[in-house]
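First up is the structure itself, then whatever we jot down about it.
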Amino acid sequence: MSFQRNPETALLLVGAERLELPIVASNGRYQGIDVSKVREATGHVLVDPGAGNVSICAPSEITYLDGQEGILQYRGYRIEELANHSTFLETAYLLIYGELPTHAELQRFETAIAAAPGLPALATDSFLRSFGAAGHPMAVLQSAIAWLETQRPVLRQAESLEMEPVFFDLLRNVPALVASWYAFRTRGEWVEFDPTDGYAKGLLQAFFPDASHPQIFADVLETCLVVHADHEQNCSTNTCRSIGSAQASLYASVAGAVGALSGPLHGGANEAVVAMLEDLLASGMTVADKLAEVKSGEARLSGVGHRVYKNSDPRAERLKQLCPEVLRAAGNDSQLLDIAHQLENAVREDEYFRRRKLYPNVDFYSGILYKAMGIPVEFFTPMFAIGRLPGWIAHWVEGREKKTRIYRPFQIYDGQSERPYVPIDART
Ligand code: CMC
């Protein structure tokens with residue numbers, strides 16, 4: 001791995017050891033310090049639990065995020081502009097190939113996705129039958145992506161430039177698998193996904209084939225997918241890159257990423273937010289009580305706080321703006337939105353949250369939108385996964401292209417010192 005270096009250096013003093021560390025040039029807020037020789041030169045490793053100060057991959061060209069200023073850009077384009085003007089597949093093309101597509105390029109991309117082989121009929125039926133009806137969609141999706149690879153023995157072998165059929169396979173069939181699990185649970189059937197009239201529209205149709213939805217649902221869902229499409233080195237993308245660094249397949253890497261995304265501190269937060277807001281309404285607990293509970297350390301506020309954003313999350317701002325119109329179109333009352341606003345206002349005024357720079361993140365309002373569209377709560381995080389798929393693909397490809405070294409961090413050991421083995425009969 002080679003970095004672009006600045007002429008300046010940083011200095012590390014460890015006892016009598018003096019080590020000059022090259023500065024890694026960056027096009028963003030933070031410059032890097034190349035510490036790749038520290039262990040060898042000083043006999044020390046760097047300790048940073050949660051890796052909040054460490055850039056573990058080579059500099060990336062995909063997404064720029066400035067958490068102080070609330071800026072998010074994909075390949076140099078502001079998320080607000082992409083959310084307002086680009087479709088999800090345009091955005092996916094941008095992330096994967098590096099440029100916004102022309103009409104012809106976009107058409108070729110869309111056609112290739114729509115024409116990718118669908119789910120294998122007999123195998124899909126027996127695969128879905130093998131899960132318990134209560135299986136969480138994220139667990140099913142994670143398994144399903146690994147299973148999909150077993151159905152594509154030729155694609156599995158594909159390398160870098162021949163990877164396009166795998167991108168198309170995932171972009172067509174991840175939504176199909178999510179919607180199929182819903183259809184299987186509710187109607188005992190599985191469904192195909194047809195993005196020809198729009199990705200989000202096709203997704204709603206796959207979920208609810210008999211319903212006619214207002215156009216605004218498809219438009220807003222498309223925006224939701226765009227704002228989720230990438231977020232540089234978040235936990236699931238880092239997982240995807242980490243698995244990919246072992247030269248595992250894109251299917252294996254994306255399946256692992258889905259597992260990471262399911263956690264309530266990551267994508268699972270969108271489900272947890274709605275549960276929290278509904279619980280607040282049902283229990284009659286006041287917002288002040290809720291904040292007091294959180295501040296006593298008993299719980300966290302779901303959908304609040306972010307490792308990188310320290311002022312506002314531009315994705316949350318955009319989704320918040322969309323809520324009233326979607327609720328109106330759905331004919332829903334605004335109880336959930338009202339309590340979310342109250343909670344946000346209280347968080348913004350409260351010293352505990354202000355001091356820690358904790359504000360609503362993307363998951364705070366997305367669940368309210370999904371719920372208004374009729375998407376069941378357990379399928380909120382799969383919607384995030386569908387949106388994040390192009391980001392995972394782009395990062396996996398970048399890892400390959402930049403010939404990433406296998407991810408293998410060091411650890412500090414503070415367990416037992418060596419001791420004599422005790423045979424089982426002698427143990428007390
Ligand atoms: N509610 C209450 N306190 C919080 C929260 C929260 N949601 N988030 C952080 N804190 C406190 C935390 O207790 C700590 O306080 P102290 O300094 O007194 O120990 C301080 O703020 C710093 O927290 P941290 O855990 O060191 O922060 P982190 O950067 O490691 O974690 C986070 C980031 C997103 C996991 C965390 O803010 C969190 O758990 N939020 C709730 C879950 C959530 O909404 N996740 C979605 C993230 S955005 C979309 C995505 O990536 O999926």
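Residues in the structure tokens are named by chain (A, B, ... in the order shown) and by number from 1 within that chain; ligands are numbered from 1 in the order shown.
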Inset, instruction - Compile the contact shell of segment 142-156 of chain A as a PyMOL selection string: residues with an atom at most 10 Å away, counting only C-alpha atoms, same-chain residues fewer than 3 positions apart removed. - result: chain A and resi 117+119-120+123-124+127-128+131+137-139+159+162-166+169-170+173-174+177-178+181+248-260+262+382
Legend entry - Nearby polymer residues, ligand 1, at most 6 Å, only C-alpha atoms and all ligand atoms, as a list in words: Leu265, His266, Gly267, Ala269, Val294, Arg300, Leu301, Ser302, Gly303, Val304, Gly305, His306, Arg307, Arg356, Asn361, Val362 and Asp363 of chain A
Please produce a file of those selected residues containing C-alpha atoms, as a PDB file, in the first residue's frame.
ATOM      1  CA  LEU A 265     -26.045   0.696  17.554  1.00  0.00           C
ATOM      2  CA  HIS A 266     -25.884   0.663  13.740  1.00  0.00           C
ATOM      3  CA  GLY A 267     -28.730   0.099  11.224  1.00  0.00           C
ATOM      4  CA  ALA A 269     -31.431   1.707  15.387  1.00  0.00           C
ATOM      5  CA  VAL A 294     -31.095   7.857  29.617  1.00  0.00           C
ATOM      6  CA  ARG A 300     -29.504   5.032  25.247  1.00  0.00           C
ATOM      7  CA  LEU A 301     -31.693   7.194  23.095  1.00  0.00           C
ATOM      8  CA  SER A 302     -32.007   5.280  19.846  1.00  0.00           C
ATOM      9  CA  GLY A 303     -31.393   7.340  16.723  1.00  0.00           C
ATOM     10  CA  VAL A 304     -29.308   9.887  18.630  1.00  0.00           C
ATOM     11  CA  GLY A 305     -25.549  10.390  18.551  1.00  0.00           C
ATOM     12  CA  HIS A 306     -22.933   9.572  15.968  1.00  0.00           C
ATOM     13  CA  ARG A 307     -19.253   8.753  15.956  1.00  0.00           C
ATOM     14  CA  ARG A 356     -21.549  15.199  24.307  1.00  0.00           C
ATOM     15  CA  ASN A 361     -28.977  10.693  13.226  1.00  0.00           C
ATOM     16  CA  VAL A 362     -30.344   9.177  10.013  1.00  0.00           C
ATOM     17  CA  ASP A 363     -32.220   6.481  11.915  1.00  0.00           C
TER      18      ASP A 363
END
Kindly provide the residues of segment 27-80 of chain A that approach segment 394-408 of chain A to within 10 Å, each paired with its closest atom pair and their distance in Å to one decimal, based on only C-alpha atoms, listed by chain and increasing number, as CSV.
residue,atom,partner,partner_atom,distance
A:Ile56,CA,A:Tyr407,CA,7.9
A:Cys57,CA,A:Thr404,CA,7.2
A:Ala58,CA,A:Thr404,CA,7.2
A:Pro59,CA,A:Lys402,CA,9.4
A:Ser60,CA,A:Glu398,CA,7.6
A:Glu61,CA,A:Glu398,CA,8.4
A:Ile62,CA,A:Ala394,CA,7.5
A:Thr63,CA,A:His395,CA,9.7
